[in-house]
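Input: a single structure, listed below in structure tokens.
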Amino acid sequence: MKIALIMVKGNVYGFKNRSFIFKYMPDSLTLGTLYGIIKHSFPEIEVEIYDETVETLKKENIKADLIGISAITPCINKAYAYADYFRQQGIPVFIGGVHATLNPKEVKEHCDAVVKGLADETLPQLINDFKNGALKPFYEQNPDMSYSNLVLPERKIYEDKSFLGSELNMVYATFGCTNRCGFCVQPYVCGGYHQRPVDDVISEIKLIEDDYIEFIDPNLAKDENYLKELCQKLIPLKKRWFAPLTISVCKNEELLDLMQQSGCEEILIGFESINQDSVKGINKGFNRVDDYKECIKQLHKRKIKITGSFVLGLDSDTKESLLSTADFVKEAHIDYVRYTINTPYPGTEYYEKMKSQGRIVEDDWNLYDCQNCVFEPVNMTAQELESIFKTLWQQTYTLKNIFVRLSYIKNPFTFVKDVVTNYIFGRIYINMVLKEKSFIKKIFF
Ligand code: SF4
């Protein structure tokens, strides 16, 4: 028996226009995890992976008895096209991922089975049912699923697909989130917030050859005691690491010290807005705008770099408040900055609320990519919001802005290295986000 697993590429940055630089960077653990789960329960099954984010996919060449597709909302229409094609060939298809979890009935129209939530327990059930000719329409994660002794992902599945660094160095320590920030799908992914035992996480990290670990938890600092224990046990491993965290961690100096000692080099913080009413309006009022600069100082003091993420088009945002963000990130010395357009994802309460207000203006899921405005903003038009989005990306990655943002770095060698890296990062993202051919792209890509 043979199963093909497909990750679909779509119109969202990081998932399109891959340059040769990005080709070696699969940014998801999904296929590795699914591969590991199948092989753990069914070592005899042949599993092939097709990751469209790192390779060209020719659907005509895919031959299998069963096909699994994973896709996020802006890629789901393409997933449907693939699923429809394979089903026409007589091959049963199952679809999983965030969109499938949030919109199972819609997804079921295009496949034989929908996998909701994490697939650790449901995928083996699904395969057994398939073998017995009794595939069910929906497979839903058990809310009491244990997060101890999870099957580990297969980290070398990209070995023959990319020409640089093929080991997946991503790790989950925790899953989901109990906060309910409007635009975020994480509270829905696996029903709340769940922790793996720290010792399980440490054992998994010990198996990773790379000395750089990327935690891909939505919020590794959700439970500060958990993070503290994790840091303490990471110290002897001498790894370097990255993680997304909320700003609240900056109030805990003991924890920040431990993060530094355990090799934390960079974190991603969802600042979301420099307008306090805006963050409050999406249930993220625990982000205190007045604390942002001090938080950044505390991190830099410990040589931890920051990627700051901002969501544009929240209900209290004005054109002026948004446009002043480029100056704020410069003065606050945020190392890397990402802007996205507020996107109410279908299946969330936030989407339903906007829909009931008659503010959803676009139902083409391809456009739910955080680069297009799919709703009616309060204090500006959708076109004005999209224009501000482009302006902010451009203003933030001018050499002048980068120089000022990174001027806190005292070591001249590090400063020059980081300016160059920052500039290249900016040009690549501007090219992907704004679909413009950048100076760097003209030269190198
Ligand atoms: S944005 Fe962060 S804190 Fe808010 S719900 Fe999502 S993961 Fe949790």
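Ordered as shown in the structure tokens, chains take letters A, B, and onward, while each chain numbers its residues from 1 and ligands are numbered from 1 in the order shown.
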Shell of 7 Å around ligand 1 (only C-alpha atoms and all ligand atoms), written as a compact mmCIF listing (two decimals) with all heavy atoms, in the first residue's frame:
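After the write, pocket-v7.txt holds the following:
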# COMPACT_ATOMS: atom_id res chain seq x y z
N GLY A 176 -1.42 25.12 20.61
CA GLY A 176 -2.62 25.93 20.81
C GLY A 176 -2.40 27.09 21.76
O GLY A 176 -1.26 27.43 22.14
N CYS A 177 -3.50 27.71 22.15
CA CYS A 177 -3.42 28.88 23.02
C CYS A 177 -4.80 29.11 23.64
O CYS A 177 -5.81 28.80 23.01
CB CYS A 177 -3.02 30.10 22.20
SG CYS A 177 -2.68 31.56 23.20
N THR A 178 -4.82 29.61 24.87
CA THR A 178 -6.12 29.88 25.49
C THR A 178 -6.56 31.33 25.31
O THR A 178 -7.69 31.67 25.62
CB THR A 178 -6.09 29.57 27.01
OG1 THR A 178 -4.97 30.23 27.56
CG2 THR A 178 -6.03 28.09 27.26
N ASN A 179 -5.65 32.19 24.85
CA ASN A 179 -6.08 33.56 24.54
C ASN A 179 -6.95 33.51 23.29
O ASN A 179 -6.94 32.52 22.55
CB ASN A 179 -4.86 34.47 24.31
CG ASN A 179 -4.02 34.58 25.56
OD1 ASN A 179 -4.52 34.47 26.67
ND2 ASN A 179 -2.72 34.78 25.39
N ARG A 180 -7.68 34.57 23.05
CA ARG A 180 -8.55 34.57 21.87
C ARG A 180 -8.39 35.86 21.09
O ARG A 180 -9.34 36.63 20.91
CB ARG A 180 -10.01 34.37 22.30
CG ARG A 180 -10.30 32.94 22.71
CD ARG A 180 -11.78 32.68 22.85
NE ARG A 180 -12.37 31.95 21.74
CZ ARG A 180 -12.21 30.65 21.53
NH1 ARG A 180 -11.44 29.94 22.30
NH2 ARG A 180 -12.82 30.06 20.52
N CYS A 181 -7.16 36.09 20.64
CA CYS A 181 -6.91 37.29 19.84
C CYS A 181 -7.67 37.13 18.52
O CYS A 181 -7.54 36.10 17.85
CB CYS A 181 -5.42 37.46 19.59
SG CYS A 181 -4.47 37.41 21.13
N CYS A 184 -6.54 35.33 15.24
CA CYS A 184 -5.67 34.16 15.38
C CYS A 184 -6.46 32.85 15.38
O CYS A 184 -7.49 32.73 16.03
CB CYS A 184 -4.87 34.29 16.67
SG CYS A 184 -3.68 32.96 16.88
N VAL A 185 -5.94 31.86 14.64
CA VAL A 185 -6.62 30.56 14.57
C VAL A 185 -6.12 29.59 15.63
O VAL A 185 -6.70 28.52 15.83
CB VAL A 185 -6.45 29.91 13.18
CG1 VAL A 185 -7.15 30.72 12.10
CG2 VAL A 185 -4.97 29.73 12.83
N GLN A 186 -5.05 29.96 16.33
CA GLN A 186 -4.43 29.00 17.26
C GLN A 186 -5.38 28.47 18.35
O GLN A 186 -5.30 27.30 18.70
CB GLN A 186 -3.19 29.63 17.91
CG GLN A 186 -2.03 29.81 16.96
CD GLN A 186 -1.57 28.51 16.32
OE1 GLN A 186 -1.73 27.44 16.89
NE2 GLN A 186 -1.02 28.60 15.12
N PRO A 187 -6.29 29.31 18.88
CA PRO A 187 -7.18 28.76 19.91
C PRO A 187 -8.08 27.63 19.39
O PRO A 187 -8.65 26.88 20.17
CB PRO A 187 -8.03 29.98 20.32
CG PRO A 187 -7.24 31.16 19.91
CD PRO A 187 -6.48 30.75 18.69
N PRO A 218 2.76 28.39 19.12
CA PRO A 218 2.18 29.73 18.94
C PRO A 218 2.66 30.71 20.01
O PRO A 218 2.85 31.88 19.75
CB PRO A 218 0.68 29.50 19.07
CG PRO A 218 0.46 28.04 19.08
CD PRO A 218 1.75 27.35 19.35
N ASN A 219 2.84 30.21 21.24
CA ASN A 219 3.25 31.10 22.33
C ASN A 219 3.97 30.27 23.40
O ASN A 219 3.34 29.74 24.31
CB ASN A 219 2.02 31.80 22.93
CG ASN A 219 2.39 32.65 24.13
OD1 ASN A 219 3.57 32.91 24.38
ND2 ASN A 219 1.38 33.09 24.86
N THR A 246 4.75 35.86 23.74
CA THR A 246 4.04 37.12 23.96
C THR A 246 4.92 38.05 24.80
O THR A 246 5.83 37.61 25.51
CB THR A 246 2.70 36.91 24.69
OG1 THR A 246 2.90 36.01 25.75
CG2 THR A 246 1.63 36.42 23.76
N GLY A 270 4.26 39.24 18.75
CA GLY A 270 3.13 39.87 18.07
C GLY A 270 2.76 41.15 18.80
O GLY A 270 1.93 41.13 19.70
N LYS A 284 -6.41 41.54 22.85
CA LYS A 284 -4.99 41.39 23.16
C LYS A 284 -4.51 42.57 24.00
O LYS A 284 -3.37 43.03 23.88
CB LYS A 284 -4.16 41.24 21.87
CG LYS A 284 -2.86 40.50 22.11
CD LYS A 284 -2.17 40.03 20.84
CE LYS A 284 -0.90 39.27 21.19
NZ LYS A 284 -0.21 38.73 20.04
Could you list, with a cut-off of 8 Å and counting only C-alpha atoms, the residues of segment 365-418 of chain A near segment 330-348 of chain A, each shown with its nearest atom pair and the distance in Å rounded to one decimal, rows sorted by chain and ascending number, as a tab-separated table?
residue	atom	partner	partner_atom	distance
A:Tyr368	CA	A:Thr343	CA	6.4
A:Asp369	CA	A:Thr343	CA	7.6
A:Cys370	CA	A:Ile341	CA	4.7
A:Gln371	CA	A:Ile341	CA	5.5
A:Asn372	CA	A:Ile341	CA	6.6
A:Cys373	CA	A:Ile341	CA	6.4
A:Val374	CA	A:Thr343	CA	6.9
A:Phe375	CA	A:Thr343	CA	7.8
A:Leu385	CA	A:Ile341	CA	7.9
A:Glu386	CA	A:Ile341	CA	7.5
A:Phe389	CA	A:Tyr339	CA	6.9
A:Leu392	CA	A:Tyr339	CA	7.6
A:Trp393	CA	A:Tyr339	CA	6.9
A:Thr396	CA	A:Val337	CA	7.6
A:Asn401	CA	A:Lys330	CA	6.0
A:Ile402	CA	A:Lys330	CA	7.5
A:Val404	CA	A:Lys330	CA	6.0
A:Arg405	CA	A:His333	CA	4.1
A:Leu406	CA	A:His333	CA	6.0
A:Ser407	CA	A:His333	CA	7.5
A:Tyr408	CA	A:His333	CA	7.0
Those same residues - N, CA, C and O atoms - I'd like them written as a PDB file, in the first residue's frame.
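Wrote part-v1.pdb, looks like this:
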ATOM      1  N   TYR A 368      -7.330  35.369   1.322  1.00  0.00           N
ATOM      2  CA  TYR A 368      -7.165  35.391   2.784  1.00  0.00           C
ATOM      3  C   TYR A 368      -5.706  35.087   3.126  1.00  0.00           C
ATOM      4  O   TYR A 368      -5.385  34.135   3.831  1.00  0.00           O
ATOM      5  N   ASP A 369      -4.828  35.924   2.582  1.00  0.00           N
ATOM      6  CA  ASP A 369      -3.392  35.664   2.667  1.00  0.00           C
ATOM      7  C   ASP A 369      -2.654  36.720   3.479  1.00  0.00           C
ATOM      8  O   ASP A 369      -1.423  36.781   3.463  1.00  0.00           O
ATOM      9  N   CYS A 370      -3.399  37.576   4.180  1.00  0.00           N
ATOM     10  CA  CYS A 370      -2.805  38.638   5.010  1.00  0.00           C
ATOM     11  C   CYS A 370      -2.102  39.711   4.186  1.00  0.00           C
ATOM     12  O   CYS A 370      -1.366  40.536   4.720  1.00  0.00           O
ATOM     13  N   GLN A 371      -2.285  39.678   2.876  1.00  0.00           N
ATOM     14  CA  GLN A 371      -1.722  40.727   2.019  1.00  0.00           C
ATOM     15  C   GLN A 371      -2.820  41.477   1.284  1.00  0.00           C
ATOM     16  O   GLN A 371      -2.566  42.478   0.634  1.00  0.00           O
ATOM     17  N   ASN A 372      -4.041  40.923   1.334  1.00  0.00           N
ATOM     18  CA  ASN A 372      -5.196  41.567   0.709  1.00  0.00           C
ATOM     19  C   ASN A 372      -6.213  41.882   1.797  1.00  0.00           C
ATOM     20  O   ASN A 372      -6.327  41.141   2.777  1.00  0.00           O
ATOM     21  N   CYS A 373      -6.957  42.950   1.598  1.00  0.00           N
ATOM     22  CA  CYS A 373      -7.982  43.291   2.580  1.00  0.00           C
ATOM     23  C   CYS A 373      -9.303  42.649   2.150  1.00  0.00           C
ATOM     24  O   CYS A 373      -9.810  42.948   1.066  1.00  0.00           O
ATOM     25  N   VAL A 374      -9.843  41.779   2.989  1.00  0.00           N
ATOM     26  CA  VAL A 374     -11.049  41.027   2.620  1.00  0.00           C
ATOM     27  C   VAL A 374     -12.283  41.519   3.378  1.00  0.00           C
ATOM     28  O   VAL A 374     -13.343  40.926   3.305  1.00  0.00           O
ATOM     29  N   PHE A 375     -12.106  42.602   4.142  1.00  0.00           N
ATOM     30  CA  PHE A 375     -13.227  43.117   4.941  1.00  0.00           C
ATOM     31  C   PHE A 375     -13.246  44.644   4.838  1.00  0.00           C
ATOM     32  O   PHE A 375     -12.314  45.251   4.311  1.00  0.00           O
ATOM     33  N   LEU A 385      -6.008  50.789   3.042  1.00  0.00           N
ATOM     34  CA  LEU A 385      -5.293  49.883   3.949  1.00  0.00           C
ATOM     35  C   LEU A 385      -4.207  49.112   3.193  1.00  0.00           C
ATOM     36  O   LEU A 385      -3.068  48.985   3.661  1.00  0.00           O
ATOM     37  N   GLU A 386      -4.547  48.610   2.012  1.00  0.00           N
ATOM     38  CA  GLU A 386      -3.556  47.858   1.229  1.00  0.00           C
ATOM     39  C   GLU A 386      -2.386  48.760   0.831  1.00  0.00           C
ATOM     40  O   GLU A 386      -1.231  48.337   0.807  1.00  0.00           O
ATOM     41  N   PHE A 389      -0.172  49.247   3.865  1.00  0.00           N
ATOM     42  CA  PHE A 389       0.580  47.993   4.065  1.00  0.00           C
ATOM     43  C   PHE A 389       1.863  48.016   3.219  1.00  0.00           C
ATOM     44  O   PHE A 389       2.967  47.751   3.706  1.00  0.00           O
ATOM     45  N   LEU A 392       4.364  50.754   4.455  1.00  0.00           N
ATOM     46  CA  LEU A 392       5.092  50.410   5.679  1.00  0.00           C
ATOM     47  C   LEU A 392       6.227  49.427   5.401  1.00  0.00           C
ATOM     48  O   LEU A 392       7.327  49.566   5.939  1.00  0.00           O
ATOM     49  N   TRP A 393       5.961  48.423   4.566  1.00  0.00           N
ATOM     50  CA  TRP A 393       7.039  47.487   4.214  1.00  0.00           C
ATOM     51  C   TRP A 393       8.206  48.255   3.583  1.00  0.00           C
ATOM     52  O   TRP A 393       9.368  48.050   3.937  1.00  0.00           O
ATOM     53  N   THR A 396      10.044  50.653   6.113  1.00  0.00           N
ATOM     54  CA  THR A 396      10.762  49.974   7.193  1.00  0.00           C
ATOM     55  C   THR A 396      12.075  49.364   6.712  1.00  0.00           C
ATOM     56  O   THR A 396      13.013  49.200   7.483  1.00  0.00           O
ATOM     57  N   ASN A 401      16.207  53.477   7.573  1.00  0.00           N
ATOM     58  CA  ASN A 401      15.414  52.903   8.666  1.00  0.00           C
ATOM     59  C   ASN A 401      16.187  51.750   9.320  1.00  0.00           C
ATOM     60  O   ASN A 401      16.247  51.635  10.544  1.00  0.00           O
ATOM     61  N   ILE A 402      16.818  50.923   8.490  1.00  0.00           N
ATOM     62  CA  ILE A 402      17.568  49.784   9.039  1.00  0.00           C
ATOM     63  C   ILE A 402      18.733  50.279   9.904  1.00  0.00           C
ATOM     64  O   ILE A 402      18.964  49.772  11.008  1.00  0.00           O
ATOM     65  N   VAL A 404      19.020  53.032  11.601  1.00  0.00           N
ATOM     66  CA  VAL A 404      18.565  53.546  12.901  1.00  0.00           C
ATOM     67  C   VAL A 404      18.055  52.398  13.765  1.00  0.00           C
ATOM     68  O   VAL A 404      18.353  52.316  14.955  1.00  0.00           O
ATOM     69  N   ARG A 405      17.286  51.479  13.169  1.00  0.00           N
ATOM     70  CA  ARG A 405      16.743  50.358  13.958  1.00  0.00           C
ATOM     71  C   ARG A 405      17.851  49.552  14.622  1.00  0.00           C
ATOM     72  O   ARG A 405      17.733  49.096  15.746  1.00  0.00           O
ATOM     73  N   LEU A 406      18.962  49.370  13.879  1.00  0.00           N
ATOM     74  CA  LEU A 406      20.022  48.507  14.409  1.00  0.00           C
ATOM     75  C   LEU A 406      21.142  49.294  15.094  1.00  0.00           C
ATOM     76  O   LEU A 406      22.161  48.717  15.482  1.00  0.00           O
ATOM     77  N   SER A 407      20.938  50.597  15.259  1.00  0.00           N
ATOM     78  CA  SER A 407      22.020  51.426  15.816  1.00  0.00           C
ATOM     79  C   SER A 407      22.325  51.083  17.273  1.00  0.00           C
ATOM     80  O   SER A 407      23.311  51.544  17.825  1.00  0.00           O
ATOM     81  N   TYR A 408      21.486  50.264  17.891  1.00  0.00           N
ATOM     82  CA  TYR A 408      21.769  49.859  19.280  1.00  0.00           C
ATOM     83  C   TYR A 408      22.929  48.860  19.339  1.00  0.00           C
ATOM     84  O   TYR A 408      23.505  48.626  20.396  1.00  0.00           O
TER      85      TYR A 408
END
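Residue nearest Glu109 of chain A, chosen from A:Asp418, A:Asp364, A:Glu349, A:Asp84 and counting only C-alpha atoms: A:Asp84.
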Within 12 Å of Gly68 of chain A, counting only C-alpha atoms, which residues qualify if same-chain residues fewer than 4 places away don't, as a PyMOL selection string?
-> chain A and resi 2-8+30-31+34-35+38+47-51+62+64+79-80+82-83+86-87+91-97+111-115+119+123+126-127
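Comparing A:Thr33, A:Asp210, A:Asn77, A:Asp160 by their smallest distance to Val54 of chain A, the closest is A:Asp160 (using only C-alpha atoms).
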Find the residues near segment 293-307 of chain A: any atom within 10 Å, counting only C-alpha atoms, skip ones fewer than 2 places away on the same chain, and give them as a PyMOL selection string.
-> chain A and resi 242+244+247-253+256-261+263-271+289-291+309-310+328-329+331-338+408-409
Report the residues of segment 144-223 of chain A whose backbone DSSP state falls under strand (DSSP E), written as a PyMOL selection string.
-> chain A and resi 170-171+174-176+193-195+212-215
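As for atom CA of Ile388 of chain A and atom CA of Leu312 of chain A, they are spaced 8.5 Å apart.
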When DSSP works through the backbone of this structure, what residues of segment 29-273 of chain A end up as alpha helix (DSSP H), shown as a VMD selection string?
-> chain A and resid 30 to 41 76 to 88 98 to 102 104 to 108 122 to 131 186 to 189 198 to 206 224 to 234 253 to 261
With a distance cut-off of 7 Å and only C-alpha atoms, select the neighbouring residues of segment 146-151 of chain A, excluding the residue or stretch itself and same-chain residues fewer than 6 positions from it, and output the selection as a PyMOL selection string.
-> chain A and resi 36-37+195-197+200
Grab the residues selected above and save them as a PDB file, in the first residue's frame with all heavy atoms.
ATOM      1  N   GLY A  36       5.900  10.507  10.109  1.00  0.00           N
ATOM      2  CA  GLY A  36       6.305   9.789  11.328  1.00  0.00           C
ATOM      3  C   GLY A  36       5.147   8.999  11.918  1.00  0.00           C
ATOM      4  O   GLY A  36       5.306   7.841  12.329  1.00  0.00           O
ATOM      5  N   ILE A  37       3.962   9.610  11.948  1.00  0.00           N
ATOM      6  CA  ILE A  37       2.786   8.941  12.532  1.00  0.00           C
ATOM      7  C   ILE A  37       2.441   7.680  11.731  1.00  0.00           C
ATOM      8  O   ILE A  37       2.190   6.611  12.296  1.00  0.00           O
ATOM      9  CB  ILE A  37       1.575   9.912  12.563  1.00  0.00           C
ATOM     10  CG1 ILE A  37       1.825  11.040  13.573  1.00  0.00           C
ATOM     11  CG2 ILE A  37       0.288   9.170  12.912  1.00  0.00           C
ATOM     12  CD1 ILE A  37       0.821  12.184  13.492  1.00  0.00           C
ATOM     13  N   GLN A 195       0.501  21.067  26.768  1.00  0.00           N
ATOM     14  CA  GLN A 195       1.962  20.995  26.914  1.00  0.00           C
ATOM     15  C   GLN A 195       2.438  19.560  26.751  1.00  0.00           C
ATOM     16  O   GLN A 195       1.798  18.638  27.249  1.00  0.00           O
ATOM     17  CB  GLN A 195       2.367  21.454  28.321  1.00  0.00           C
ATOM     18  CG  GLN A 195       1.997  22.875  28.633  1.00  0.00           C
ATOM     19  CD  GLN A 195       2.207  23.209  30.108  1.00  0.00           C
ATOM     20  OE1 GLN A 195       2.322  22.324  30.953  1.00  0.00           O
ATOM     21  NE2 GLN A 195       2.242  24.497  30.411  1.00  0.00           N
ATOM     22  N   ARG A 196       3.562  19.417  26.092  1.00  0.00           N
ATOM     23  CA  ARG A 196       4.253  18.128  26.144  1.00  0.00           C
ATOM     24  C   ARG A 196       5.101  18.129  27.414  1.00  0.00           C
ATOM     25  O   ARG A 196       5.571  19.196  27.843  1.00  0.00           O
ATOM     26  CB  ARG A 196       5.187  17.973  24.939  1.00  0.00           C
ATOM     27  CG  ARG A 196       4.479  17.907  23.604  1.00  0.00           C
ATOM     28  CD  ARG A 196       5.486  17.889  22.474  1.00  0.00           C
ATOM     29  NE  ARG A 196       6.294  16.677  22.466  1.00  0.00           N
ATOM     30  CZ  ARG A 196       7.433  16.542  21.781  1.00  0.00           C
ATOM     31  NH1 ARG A 196       7.898  17.546  21.062  1.00  0.00           N
ATOM     32  NH2 ARG A 196       8.101  15.414  21.814  1.00  0.00           N
ATOM     33  N   PRO A 197       5.357  16.973  27.993  1.00  0.00           N
ATOM     34  CA  PRO A 197       6.287  16.960  29.126  1.00  0.00           C
ATOM     35  C   PRO A 197       7.641  17.523  28.674  1.00  0.00           C
ATOM     36  O   PRO A 197       8.112  17.193  27.574  1.00  0.00           O
ATOM     37  CB  PRO A 197       6.404  15.470  29.470  1.00  0.00           C
ATOM     38  CG  PRO A 197       5.169  14.848  28.902  1.00  0.00           C
ATOM     39  CD  PRO A 197       4.821  15.643  27.683  1.00  0.00           C
ATOM     40  N   ASP A 200      10.139  15.081  27.387  1.00  0.00           N
ATOM     41  CA  ASP A 200       9.897  14.589  26.016  1.00  0.00           C
ATOM     42  C   ASP A 200      10.523  15.544  25.002  1.00  0.00           C
ATOM     43  O   ASP A 200      11.136  15.130  24.013  1.00  0.00           O
ATOM     44  CB  ASP A 200       8.385  14.519  25.718  1.00  0.00           C
ATOM     45  CG  ASP A 200       7.714  13.317  26.370  1.00  0.00           C
ATOM     46  OD1 ASP A 200       8.355  12.666  27.214  1.00  0.00           O
ATOM     47  OD2 ASP A 200       6.544  13.047  26.035  1.00  0.00           O
TER      48      ASP A 200
END
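Closest approach to Tyr292 of chain A from the set A:Leu220, A:Ile205, A:Ile274, A:Leu237 is made by A:Ile274, with distances taken over only C-alpha atoms.
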Can you work out which one of A:Leu434, A:Val198, A:Val107, A:Ile157 has the shortest atom-to-atom distance to Pro137 of chain A, counting only C-alpha atoms?
-> A:Val107
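Atom pair atom CA of Phe183 of chain A / atom CA of Thr381 of chain A: separated by 18.9 Å.
Between atom CA of Gln89 of chain A and atom CA of Phe130 of chain A lies a distance of 17.0 Å.
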Write out as number ranges by chain which residues come within 10 Å of Leu168 of chain A when counting only C-alpha atoms, dropping same-chain ones fewer than 3 positions away.
-> A: 25-29, 32, 153-159, 165, 171, 208-210, 213-214
What's the 9 Å shell around segment 315-317 of chain A, counting only C-alpha atoms, without same-chain residues fewer than 4 positions away, as a list of chain:residue names?
-> A:Ser273, A:Asn275, A:Gln276, A:Asp277, A:Ser278, A:Val279, A:Gly281, A:Ile282, A:Ser321, A:Leu322, A:Pro377, A:Val378, A:Asn379, A:Met380
